[in-house]
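Text of the file coords_15.pdb, holding PDB, C-alpha atoms and all ligand atoms:
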```pdb
ATOM      1  CA  MET A  30     177.048 -70.536 -78.313  1.00  0.00           C
ATOM      2  CA  VAL A  31     173.771 -72.363 -77.611  1.00  0.00           C
ATOM      3  CA  VAL A  32     171.845 -73.953 -80.482  1.00  0.00           C
ATOM      4  CA  ALA A  33     168.347 -74.993 -79.345  1.00  0.00           C
ATOM      5  CA  LEU A  34     166.408 -77.660 -81.265  1.00  0.00           C
ATOM      6  CA  ASP A  35     162.809 -78.324 -80.201  1.00  0.00           C
ATOM      7  CA  GLY A  36     159.988 -80.437 -81.605  1.00  0.00           C
ATOM      8  CA  PRO A  37     157.760 -83.472 -81.055  1.00  0.00           C
ATOM      9  CA  ALA A  38     158.884 -87.123 -80.767  1.00  0.00           C
ATOM     10  CA  GLY A  39     160.263 -88.521 -84.020  1.00  0.00           C
ATOM     11  CA  ALA A  40     160.737 -85.184 -85.804  1.00  0.00           C
ATOM     12  CA  GLY A  41     164.429 -86.040 -86.190  1.00  0.00           C
ATOM     13  CA  LYS A  42     165.787 -83.770 -83.453  1.00  0.00           C
ATOM     14  CA  SER A  43     168.323 -86.197 -82.019  1.00  0.00           C
ATOM     15  CA  SER A  44     169.759 -87.331 -85.357  1.00  0.00           C
ATOM     16  CA  VAL A  45     170.002 -83.727 -86.521  1.00  0.00           C
ATOM     17  CA  ALA A  46     171.412 -82.467 -83.211  1.00  0.00           C
ATOM     18  CA  ARG A  47     174.069 -85.204 -83.150  1.00  0.00           C
ATOM     19  CA  ARG A  48     175.270 -84.489 -86.698  1.00  0.00           C
ATOM     20  CA  VAL A  49     175.129 -80.714 -86.383  1.00  0.00           C
ATOM     21  CA  ALA A  50     177.093 -80.875 -83.122  1.00  0.00           C
ATOM     22  CA  GLU A  51     179.697 -83.104 -84.768  1.00  0.00           C
ATOM     23  CA  GLN A  52     180.056 -80.860 -87.804  1.00  0.00           C
ATOM     24  CA  ALA A  53     180.103 -77.613 -85.817  1.00  0.00           C
ATOM     25  CA  GLY A  54     182.471 -79.039 -83.186  1.00  0.00           C
ATOM     26  CA  PHE A  55     179.923 -78.473 -80.392  1.00  0.00           C
ATOM     27  CA  ALA A  56     178.886 -80.822 -77.551  1.00  0.00           C
ATOM     28  CA  TRP A  57     175.476 -82.489 -77.962  1.00  0.00           C
ATOM     29  CA  LEU A  58     172.997 -82.422 -75.096  1.00  0.00           C
ATOM     30  CA  ASN A  59     169.942 -84.611 -75.625  1.00  0.00           C
ATOM     31  CA  SER A  60     167.613 -83.369 -72.897  1.00  0.00           C
ATOM     32  CA  GLY A  61     165.178 -86.252 -73.543  1.00  0.00           C
ATOM     33  CA  SER A  62     167.980 -88.610 -72.485  1.00  0.00           C
ATOM     34  CA  PHE A  63     168.356 -86.677 -69.227  1.00  0.00           C
ATOM     35  CA  TYR A  64     164.648 -87.227 -68.458  1.00  0.00           C
ATOM     36  CA  ARG A  65     164.914 -90.858 -69.551  1.00  0.00           C
ATOM     37  CA  ALA A  66     167.934 -91.269 -67.254  1.00  0.00           C
ATOM     38  CA  VAL A  67     165.849 -90.064 -64.288  1.00  0.00           C
ATOM     39  CA  THR A  68     163.148 -92.629 -65.126  1.00  0.00           C
ATOM     40  CA  TRP A  69     165.817 -95.315 -65.592  1.00  0.00           C
ATOM     41  CA  ALA A  70     167.241 -94.484 -62.137  1.00  0.00           C
ATOM     42  CA  VAL A  71     163.770 -94.715 -60.539  1.00  0.00           C
ATOM     43  CA  LEU A  72     163.092 -98.114 -62.124  1.00  0.00           C
ATOM     44  CA  SER A  73     166.573 -99.572 -61.622  1.00  0.00           C
ATOM     45  CA  LYS A  74     166.605 -98.586 -57.946  1.00  0.00           C
ATOM     46  CA  GLY A  75     163.289-100.421 -57.491  1.00  0.00           C
ATOM     47  CA  ARG A  76     161.386 -97.241 -56.550  1.00  0.00           C
ATOM     48  CA  ASN A  77     157.691 -96.953 -57.322  1.00  0.00           C
ATOM     49  CA  PRO A  78     157.471 -94.978 -60.614  1.00  0.00           C
ATOM     50  CA  ALA A  79     153.954 -93.794 -59.676  1.00  0.00           C
ATOM     51  CA  ASP A  80     155.228 -92.258 -56.412  1.00  0.00           C
ATOM     52  CA  ARG A  81     155.811 -88.561 -57.225  1.00  0.00           C
ATOM     53  CA  GLU A  82     157.853 -87.943 -54.083  1.00  0.00           C
ATOM     54  CA  ALA A  83     160.184 -90.871 -54.824  1.00  0.00           C
ATOM     55  CA  VAL A  84     160.683 -89.639 -58.392  1.00  0.00           C
ATOM     56  CA  VAL A  85     161.541 -86.095 -57.228  1.00  0.00           C
ATOM     57  CA  LEU A  86     163.980 -87.410 -54.607  1.00  0.00           C
ATOM     58  CA  THR A  87     165.654 -89.606 -57.223  1.00  0.00           C
ATOM     59  CA  ALA A  88     165.942 -86.738 -59.734  1.00  0.00           C
ATOM     60  CA  ARG A  89     167.613 -84.575 -57.079  1.00  0.00           C
ATOM     61  CA  ALA A  90     169.938 -87.305 -55.820  1.00  0.00           C
ATOM     62  CA  VAL A  91     171.381 -88.669 -59.072  1.00  0.00           C
ATOM     63  CA  ARG A  92     174.370 -87.058 -60.780  1.00  0.00           C
ATOM     64  CA  LEU A  93     173.607 -86.669 -64.486  1.00  0.00           C
ATOM     65  CA  SER A  94     176.569 -86.062 -66.775  1.00  0.00           C
ATOM     66  CA  LEU A  95     177.824 -86.631 -70.326  1.00  0.00           C
ATOM     67  CA  ASP A  96     179.564 -89.967 -70.921  1.00  0.00           C
ATOM     68  CA  GLY A  97     182.020 -88.519 -73.437  1.00  0.00           C
ATOM     69  CA  GLY A  98     180.495 -90.450 -76.357  1.00  0.00           C
ATOM     70  CA  GLY A  99     177.332 -88.399 -76.900  1.00  0.00           C
ATOM     71  CA  GLY A 100     175.333 -90.199 -74.216  1.00  0.00           C
ATOM     72  CA  VAL A 101     174.257 -89.624 -70.624  1.00  0.00           C
ATOM     73  CA  ALA A 102     175.722 -91.168 -67.476  1.00  0.00           C
ATOM     74  CA  VAL A 103     173.975 -91.634 -64.119  1.00  0.00           C
ATOM     75  CA  ASP A 104     176.379 -91.383 -61.163  1.00  0.00           C
ATOM     76  CA  GLY A 105     179.201 -92.060 -63.614  1.00  0.00           C
ATOM     77  CA  GLN A 106     177.572 -95.142 -65.194  1.00  0.00           C
ATOM     78  CA  PRO A 107     176.930 -94.818 -68.968  1.00  0.00           C
ATOM     79  CA  VAL A 108     173.227 -95.634 -69.478  1.00  0.00           C
ATOM     80  CA  GLU A 109     172.381 -94.232 -72.910  1.00  0.00           C
ATOM     81  CA  HIS A 110     171.951 -97.738 -74.422  1.00  0.00           C
ATOM     82  CA  LEU A 111     169.363 -98.597 -71.730  1.00  0.00           C
ATOM     83  CA  LEU A 112     167.109 -95.565 -72.155  1.00  0.00           C
ATOM     84  CA  ARG A 113     164.773 -96.540 -75.026  1.00  0.00           C
ATOM     85  CA  SER A 114     162.884 -99.479 -73.511  1.00  0.00           C
ATOM     86  CA  ASP A 115     159.091 -99.725 -73.492  1.00  0.00           C
ATOM     87  CA  ALA A 116     159.141 -99.466 -69.653  1.00  0.00           C
ATOM     88  CA  ILE A 117     160.913 -96.101 -69.820  1.00  0.00           C
ATOM     89  CA  ASP A 118     158.642 -94.941 -72.659  1.00  0.00           C
ATOM     90  CA  GLU A 119     155.687 -95.769 -70.443  1.00  0.00           C
ATOM     91  CA  TRP A 120     156.788 -93.549 -67.524  1.00  0.00           C
ATOM     92  CA  VAL A 121     159.025 -90.798 -68.854  1.00  0.00           C
ATOM     93  CA  ALA A 122     156.301 -88.406 -70.036  1.00  0.00           C
ATOM     94  CA  ARG A 123     154.739 -88.429 -66.575  1.00  0.00           C
ATOM     95  CA  HIS A 124     158.082 -87.981 -64.822  1.00  0.00           C
ATOM     96  CA  SER A 125     159.137 -85.154 -67.129  1.00  0.00           C
ATOM     97  CA  ALA A 126     155.851 -83.352 -66.348  1.00  0.00           C
ATOM     98  CA  ILE A 127     156.898 -82.906 -62.693  1.00  0.00           C
ATOM     99  CA  GLY A 128     158.169 -79.367 -62.042  1.00  0.00           C
ATOM    100  CA  GLU A 129     160.889 -80.404 -59.575  1.00  0.00           C
ATOM    101  CA  VAL A 130     162.220 -83.001 -62.022  1.00  0.00           C
ATOM    102  CA  ARG A 131     162.380 -80.341 -64.751  1.00  0.00           C
ATOM    103  CA  SER A 132     164.247 -77.944 -62.440  1.00  0.00           C
ATOM    104  CA  ALA A 133     166.842 -80.612 -61.602  1.00  0.00           C
ATOM    105  CA  VAL A 134     167.392 -81.484 -65.276  1.00  0.00           C
ATOM    106  CA  ASN A 135     167.446 -77.828 -66.422  1.00  0.00           C
ATOM    107  CA  ARG A 136     170.057 -76.948 -63.793  1.00  0.00           C
ATOM    108  CA  ARG A 137     172.357 -79.673 -65.142  1.00  0.00           C
ATOM    109  CA  LEU A 138     171.800 -78.606 -68.777  1.00  0.00           C
ATOM    110  CA  ARG A 139     172.651 -74.973 -67.958  1.00  0.00           C
ATOM    111  CA  ASP A 140     175.734 -75.973 -65.937  1.00  0.00           C
ATOM    112  CA  ILE A 141     177.077 -78.061 -68.793  1.00  0.00           C
ATOM    113  CA  ALA A 142     176.285 -75.386 -71.414  1.00  0.00           C
ATOM    114  CA  ALA A 143     178.047 -72.704 -69.359  1.00  0.00           C
ATOM    115  CA  ALA A 144     181.381 -74.376 -70.071  1.00  0.00           C
ATOM    116  CA  ARG A 145     181.178 -75.029 -73.824  1.00  0.00           C
ATOM    117  CA  ASP A 146     179.375 -74.531 -77.159  1.00  0.00           C
ATOM    118  CA  VAL A 147     176.365 -76.849 -77.279  1.00  0.00           C
ATOM    119  CA  VAL A 148     173.555 -78.126 -79.441  1.00  0.00           C
ATOM    120  CA  VAL A 149     170.648 -78.957 -77.114  1.00  0.00           C
ATOM    121  CA  ASP A 150     167.562 -80.805 -78.286  1.00  0.00           C
ATOM    122  CA  GLY A 151     164.250 -81.246 -76.494  1.00  0.00           C
ATOM    123  CA  ARG A 152     160.757 -79.817 -76.100  1.00  0.00           C
ATOM    124  CA  ASP A 153     161.255 -76.567 -74.164  1.00  0.00           C
ATOM    125  CA  ILE A 154     164.864 -75.692 -74.882  1.00  0.00           C
ATOM    126  CA  ALA A 155     164.252 -72.368 -76.652  1.00  0.00           C
ATOM    127  CA  THR A 156     161.059 -71.540 -74.734  1.00  0.00           C
ATOM    128  CA  VAL A 157     162.231 -72.213 -71.158  1.00  0.00           C
ATOM    129  CA  VAL A 158     165.735 -73.608 -70.657  1.00  0.00           C
ATOM    130  CA  PHE A 159     167.695 -71.276 -72.968  1.00  0.00           C
ATOM    131  CA  PRO A 160     165.346 -68.429 -73.994  1.00  0.00           C
ATOM    132  CA  ASP A 161     168.438 -66.455 -75.089  1.00  0.00           C
ATOM    133  CA  ALA A 162     169.779 -69.284 -77.298  1.00  0.00           C
ATOM    134  CA  ASP A 163     171.825 -67.978 -80.240  1.00  0.00           C
ATOM    135  CA  VAL A 164     170.028 -70.220 -82.746  1.00  0.00           C
ATOM    136  CA  LYS A 165     166.481 -71.574 -82.236  1.00  0.00           C
ATOM    137  CA  VAL A 166     165.037 -74.264 -84.491  1.00  0.00           C
ATOM    138  CA  TYR A 167     161.666 -76.049 -84.285  1.00  0.00           C
ATOM    139  CA  LEU A 168     161.610 -79.373 -86.170  1.00  0.00           C
ATOM    140  CA  ASP A 169     158.293 -80.966 -87.080  1.00  0.00           C
ATOM    141  CA  ALA A 170     157.047 -83.850 -89.274  1.00  0.00           C
ATOM    142  CA  ASP A 171     153.707 -85.550 -89.885  1.00  0.00           C
ATOM    143  CA  VAL A 172     152.676 -88.346 -87.491  1.00  0.00           C
ATOM    144  CA  ALA A 173     153.018 -91.195 -90.026  1.00  0.00           C
ATOM    145  CA  THR A 174     156.594 -90.187 -90.878  1.00  0.00           C
ATOM    146  CA  ARG A 175     157.526 -89.901 -87.218  1.00  0.00           C
ATOM    147  CA  ALA A 176     156.019 -93.323 -86.392  1.00  0.00           C
ATOM    148  CA  ARG A 177     157.917 -94.905 -89.303  1.00  0.00           C
ATOM    149  CA  ARG A 178     161.192 -93.420 -88.067  1.00  0.00           C
ATOM    150  CA  ARG A 179     160.642 -94.677 -84.495  1.00  0.00           C
ATOM    151  CA  HIS A 180     159.700 -98.142 -85.788  1.00  0.00           C
ATOM    152  CA  ALA A 181     162.863 -98.271 -87.925  1.00  0.00           C
ATOM    153  CA  GLN A 182     165.004 -97.642 -84.828  1.00  0.00           C
ATOM    154  CA  GLY A 183     164.038-101.173 -83.744  1.00  0.00           C
ATOM    155  CA  THR A 184     164.070-100.436 -80.003  1.00  0.00           C
ATOM    156  CA  SER A 185     160.346-101.036 -79.434  1.00  0.00           C
ATOM    157  CA  ARG A 186     158.381-104.269 -79.550  1.00  0.00           C
ATOM    158  CA  MET A 187     155.254-102.342 -80.572  1.00  0.00           C
ATOM    159  CA  SER A 188     153.773-102.542 -84.086  1.00  0.00           C
ATOM    160  CA  LEU A 189     153.890 -99.502 -86.389  1.00  0.00           C
ATOM    161  CA  GLU A 190     150.202 -98.794 -85.629  1.00  0.00           C
ATOM    162  CA  GLU A 191     150.795 -98.985 -81.878  1.00  0.00           C
ATOM    163  CA  ILE A 192     153.781 -96.649 -82.156  1.00  0.00           C
ATOM    164  CA  GLU A 193     151.665 -94.191 -84.158  1.00  0.00           C
ATOM    165  CA  ARG A 194     148.960 -94.257 -81.481  1.00  0.00           C
ATOM    166  CA  SER A 195     151.503 -93.760 -78.696  1.00  0.00           C
ATOM    167  CA  ILE A 196     153.047 -90.800 -80.569  1.00  0.00           C
ATOM    168  CA  VAL A 197     149.630 -89.140 -80.953  1.00  0.00           C
ATOM    169  CA  GLU A 198     149.025 -89.686 -77.243  1.00  0.00           C
ATOM    170  CA  ARG A 199     152.457 -88.357 -76.280  1.00  0.00           C
ATOM    171  CA  ASP A 200     152.025 -85.278 -78.505  1.00  0.00           C
ATOM    172  CA  ARG A 201     148.766 -84.451 -76.799  1.00  0.00           C
ATOM    173  CA  PHE A 202     150.370 -84.886 -73.379  1.00  0.00           C
ATOM    174  CA  ASP A 203     153.474 -82.844 -74.303  1.00  0.00           C
ATOM    175  CA  ARG A 204     151.441 -79.968 -75.781  1.00  0.00           C
ATOM    176  CA  LEU A 205     148.886 -79.766 -72.979  1.00  0.00           C
ATOM    177  CA  LYS A 206     151.050 -80.327 -69.900  1.00  0.00           C
ATOM    178  CA  ALA A 207     151.078 -77.459 -67.415  1.00  0.00           C
ATOM    179  CA  GLU A 208     154.875 -77.456 -67.027  1.00  0.00           C
ATOM    180  CA  ALA A 209     156.798 -76.298 -70.105  1.00  0.00           C
ATOM    181  CA  PRO A 210     154.417 -77.521 -72.824  1.00  0.00           C
ATOM    182  CA  LEU A 211     155.811 -78.147 -76.300  1.00  0.00           C
ATOM    183  CA  ALA A 212     155.551 -74.882 -78.247  1.00  0.00           C
ATOM    184  CA  VAL A 213     157.348 -72.887 -80.946  1.00  0.00           C
ATOM    185  CA  ALA A 214     159.600 -70.207 -79.409  1.00  0.00           C
ATOM    186  CA  PRO A 215     159.373 -66.654 -80.751  1.00  0.00           C
ATOM    187  CA  GLY A 216     161.987 -66.191 -83.462  1.00  0.00           C
ATOM    188  CA  ALA A 217     162.488 -69.936 -84.046  1.00  0.00           C
ATOM    189  CA  LEU A 218     163.193 -71.244 -87.540  1.00  0.00           C
ATOM    190  CA  ILE A 219     160.439 -73.824 -88.271  1.00  0.00           C
ATOM    191  CA  LEU A 220     161.481 -76.808 -90.412  1.00  0.00           C
ATOM    192  CA  ASP A 221     159.041 -79.555 -91.501  1.00  0.00           C
ATOM    193  CA  THR A 222     161.318 -82.561 -91.966  1.00  0.00           C
ATOM    194  CA  SER A 223     158.679 -84.920 -93.489  1.00  0.00           C
ATOM    195  CA  HIS A 224     160.067 -84.529 -96.999  1.00  0.00           C
ATOM    196  CA  LEU A 225     163.635 -83.464 -96.264  1.00  0.00           C
ATOM    197  CA  THR A 226     166.672 -85.712 -95.934  1.00  0.00           C
ATOM    198  CA  ILE A 227     168.656 -85.497 -92.732  1.00  0.00           C
ATOM    199  CA  GLU A 228     171.498 -83.848 -94.679  1.00  0.00           C
ATOM    200  CA  GLU A 229     169.136 -81.144 -95.958  1.00  0.00           C
ATOM    201  CA  VAL A 230     167.860 -80.439 -92.448  1.00  0.00           C
ATOM    202  CA  CYS A 231     171.410 -80.344 -91.018  1.00  0.00           C
ATOM    203  CA  ASP A 232     172.553 -77.981 -93.776  1.00  0.00           C
ATOM    204  CA  ARG A 233     169.788 -75.524 -92.920  1.00  0.00           C
ATOM    205  CA  VAL A 234     170.667 -75.591 -89.212  1.00  0.00           C
ATOM    206  CA  LEU A 235     174.395 -75.247 -89.982  1.00  0.00           C
ATOM    207  CA  ASP A 236     173.577 -72.266 -92.251  1.00  0.00           C
ATOM    208  CA  ALA A 237     171.699 -70.631 -89.353  1.00  0.00           C
ATOM    209  CA  ILE A 238     174.720 -71.197 -87.072  1.00  0.00           C
ATOM    210  CA  HIS A 239     177.013 -69.738 -89.721  1.00  0.00           C
ATOM    211  CA  VAL A 240     174.859 -66.633 -90.119  1.00  0.00           C
ATOM    212  CA  LYS A 241     174.739 -66.188 -86.339  1.00  0.00           C
ATOM    213  CA  LYS A 242     178.516 -66.483 -86.081  1.00  0.00           C
ATOM    214  CA  LEU A 243     178.933 -63.836 -88.781  1.00  0.00           C
ATOM    215  CA  THR A 244     176.521 -61.537 -86.925  1.00  0.00           C
ATOM    216  CA  LEU A 245     178.387 -62.029 -83.663  1.00  0.00           C
ATOM    217  CA  GLY A 246     181.697 -61.432 -85.476  1.00  0.00           C
ATOM    218  CA  ASP A 247     180.333 -58.231 -87.019  1.00  0.00           C
ATOM    219  CA  LYS A 248     179.242 -56.970 -83.623  1.00  0.00           C
ATOM    220  CA  ARG A 249     182.672 -57.644 -82.132  1.00  0.00           C
ATOM    221  CA  GLN A 250     184.322 -55.614 -84.901  1.00  0.00           C
ATOM    222  CA  VAL A 251     182.070 -52.576 -84.305  1.00  0.00           C
TER     223      VAL A 251
HETATM  224  O1  LIG A 301     162.720 -86.936 -76.900  1.00  0.00           O
HETATM  225  P1  LIG A 301     162.460 -88.137 -75.990  1.00  0.00           P
HETATM  226  O2  LIG A 301     161.357 -89.032 -76.485  1.00  0.00           O
HETATM  227  O3  LIG A 301     163.708 -88.903 -75.697  1.00  0.00           O
HETATM  228  O4  LIG A 301     161.965 -87.500 -74.617  1.00  0.00           O
HETATM  229  C1  LIG A 301     161.617 -88.297 -73.525  1.00  0.00           C
HETATM  230  C2  LIG A 301     160.494 -87.625 -72.737  1.00  0.00           C
HETATM  231  O5  LIG A 301     160.961 -86.457 -72.080  1.00  0.00           O
HETATM  232  C3  LIG A 301     159.259 -87.233 -73.537  1.00  0.00           C
HETATM  233  O6  LIG A 301     158.096 -87.639 -72.852  1.00  0.00           O
HETATM  234  C4  LIG A 301     159.298 -85.738 -73.573  1.00  0.00           C
HETATM  235  C5  LIG A 301     160.125 -85.362 -72.388  1.00  0.00           C
HETATM  236  N1  LIG A 301     160.970 -84.199 -72.624  1.00  0.00           N
HETATM  237  C6  LIG A 301     160.568 -83.000 -72.079  1.00  0.00           C
HETATM  238  O7  LIG A 301     159.513 -82.932 -71.437  1.00  0.00           O
HETATM  239  N2  LIG A 301     161.363 -81.910 -72.214  1.00  0.00           N
HETATM  240  C7  LIG A 301     162.494 -81.973 -72.915  1.00  0.00           C
HETATM  241  N3  LIG A 301     163.255 -80.878 -73.028  1.00  0.00           N
HETATM  242  C8  LIG A 301     162.907 -83.191 -73.495  1.00  0.00           C
HETATM  243  C9  LIG A 301     162.107 -84.303 -73.335  1.00  0.00           C
END
```
Spell out the structure here as structure tokens.
Ligand code: DC
Amino acid sequence: MVVALDGPAGAGKSSVARRVAEQAGFAWLNSGSFYRAVTWAVLSKGRNPADREAVVLTARAVRLSLDGGGGVAVDGQPVEHLLRSDAIDEWVARHSAIGEVRSAVNRRLRDIAAARDVVVDGRDIATVVFPDADVKVYLDADVATRARRRHAQGTSRMSLEEIERSIVERDRFDRLKAEAPLAVAPGALILDTSHLTIEEVCDRVLDAIHVKKLTLGDKRQV
């Protein structure tokens, strides 16, 4: 079963995806981490992050996998704890807008999902990567709430106001980019998380999984 969770930065996708995966017994694939891992590889190998060709070559050459603890590994090295720096934030939107980079990441996501039940979170999971996902959810929240959540993570040296500005900028970029822009997939359950607790959001997603399982079970009995 594939559970797809899409939405803008700071809507709570990763926290929700992690918990739902844990409670449902599914693997968690954070596609944003896969893109961040590509940018990390470019920077850590000393390649020019503005050189499109170098970025594409890097994305094709690295082996992206799960580290077994809910994070991503690059060529076997766990890197999840290194992926939320300001340097990566600065480049990752541009790198993830490159079609060849998206193809490389999507191939890995589909390979991994072919072998197990997964919760996948990102921007284009239900629209592009898994259009036949069993459960599709679009999480949203107002900009101020999302900026507050990012600030509370404590991984950025930016002020709350700067984070809010960078989120507005990133939203615009994500929604307008030519390759796989952020959009609500047909049939997706839309949840505004601004005034919901994480438990409430998770419960609604788990309910949707439960209903889907019952439907699939019913079909098998027919
Ligand atoms: O969710 P995040 O901030 O970790 O995502 C990092 C970047 O990758 C962000 O600029 C959006 C992009 N991204 C994407 O284009 N498609 C996805 N499925 C996931 C993330």
Residues within 6 Å of ligand LIG 301 (chain A) (all atoms listed in the file), as an mmCIF file with C-alpha atoms, in the coordinates of the input?
```cif
data_model
loop_
_atom_site.group_PDB
_atom_site.id
_atom_site.type_symbol
_atom_site.label_atom_id
_atom_site.label_comp_id
_atom_site.auth_asym_id
_atom_site.auth_seq_id
_atom_site.Cartn_x
_atom_site.Cartn_y
_atom_site.Cartn_z
ATOM 1 C CA ALA A 38 158.884 -87.123 -80.767
ATOM 2 C CA SER A 60 167.613 -83.369 -72.897
ATOM 3 C CA GLY A 61 165.178 -86.252 -73.543
ATOM 4 C CA SER A 62 167.980 -88.610 -72.485
ATOM 5 C CA TYR A 64 164.648 -87.227 -68.458
ATOM 6 C CA ARG A 65 164.914 -90.858 -69.551
ATOM 7 C CA VAL A 121 159.025 -90.798 -68.854
ATOM 8 C CA ALA A 122 156.301 -88.406 -70.036
ATOM 9 C CA SER A 125 159.137 -85.154 -67.129
ATOM 10 C CA GLY A 151 164.250 -81.246 -76.494
ATOM 11 C CA ARG A 152 160.757 -79.817 -76.100
ATOM 12 C CA ASP A 153 161.255 -76.567 -74.164
ATOM 13 C CA ILE A 154 164.864 -75.692 -74.882
#
```
Can you list what the PyMOL selection byres (((chain A and resi 232) around 12) and not hetatm) grabs from this structure, as an NGL selection string?
:A and (45-46 or 48-50 or 52-53 or 220 or 225-231 or 233-239)
Any chance you could work out the residue set of the PyMOL selection byres (((chain A and resi 148) around 9) and not hetatm) here, as number ranges by chain?
A: 30-34, 46-47, 49-50, 55-59, 142, 146-147, 149-150
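Evaluating the PyMOL selection byres (((chain A and resi 185) around 8) and not hetatm) against the shown model yields Arg113, Ser114, Asp115, His180, Gln182, Gly183, Thr184, Arg186 and Met187 of chain A.
Taking atom CA of A:Asp203 and atom CA of A:Gly98 as endpoints, the distance between them is 28.1 Å.
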Which of these, A:Ala207, A:Val67, A:Val197, A:Val164, has the shortest distance to A:Ala102 once you count all atoms listed in the file?
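Using all atoms listed in the file, A:Ala102 sits closest to A:Val67.
When all atoms listed in the file are used to compute distances to A:Leu243, the closest of the residues A:Ala209, A:Ala66, A:Asp163, A:Arg177 turns out to be A:Asp163.
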Between A:Thr156, A:Asn135, A:Thr87, A:Thr174, which is the closest to A:Pro210 once you count only C-alpha atoms?
A:Thr156
Set the distance at 10 Å and use only C-alpha atoms: which residues neighbour stretch 69-84 of chain A once local chain neighbours fewer than 4 positions away are removed? I'd like the list as a list in words.
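The residues satisfying every condition are Ser62, Phe63, Tyr64, Arg65, Ala88, Arg89, Ala90, Val91, Val103, Asp104, Val108, Glu109, Leu111, Leu112, Arg113, Ser114, Ala116, Ile117, Trp120, Val121, Arg123, His124, Ser125, Ile127, Glu129 and Val130 of chain A.
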Show me, as lines of an AutoDock Vina configuration file, the centre and edge lengths in Å to one decimal of the axis-aligned box that covers every listed atom of stretch 119-137 of chain A with 5 Å on each side.
```
center_x = 163.5
center_y = -86.4
center_z = -65.0
size_x = 27.6
size_y = 28.8
size_z = 20.9
```
Using only C-alpha atoms, determine which residues lie at most 8 Å from A:Glu193, disregarding the query and same-chain residues fewer than 5 positions distant; provide the list as number ranges by chain.
A: 172-173, 175-176
Just give me the gap between atom CA of A:Gly36 and atom CA of A:Ala212 in Å, one decimal is fine.
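For atom CA of A:Gly36 relative to atom CA of A:Ala212, the distance reads 7.9 Å.
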Find, counting only C-alpha atoms, the residue in A:Ile192, A:Ile141, A:Leu168, A:Ala133 that gets nearest to A:Leu218.
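Ranked by minimum distance to A:Leu218, first place goes to A:Leu168.
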Please, what distance in Å, to one decimal, runs between atom CA of A:Phe202 and atom CA of A:Asp35?
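Rounded to one decimal, the two atoms are 15.6 Å apart.
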Between A:Glu208, A:Glu190, A:Asp200, A:Asp221, single out the one closest to A:Ala170, counting only C-alpha atoms.
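Smallest separation from A:Ala170 among the options: A:Asp221.
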For A:Arg178, work out the shell of residues within 9 Å, counting only C-alpha atoms and skipping chain neighbours fewer than 6 positions away, then give it as a list in words.
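Once the nearby chain positions are removed, what remains is Gly39, Ala40 and Gly41 of chain A.
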Compare A:Pro107, A:Pro37, A:Gly128, A:Gly100 by their minimum atom-to-atom distance to A:Val213, counting only C-alpha atoms, and give me the closest one.
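Looking at the shortest contact to A:Val213, the residue is A:Pro37.
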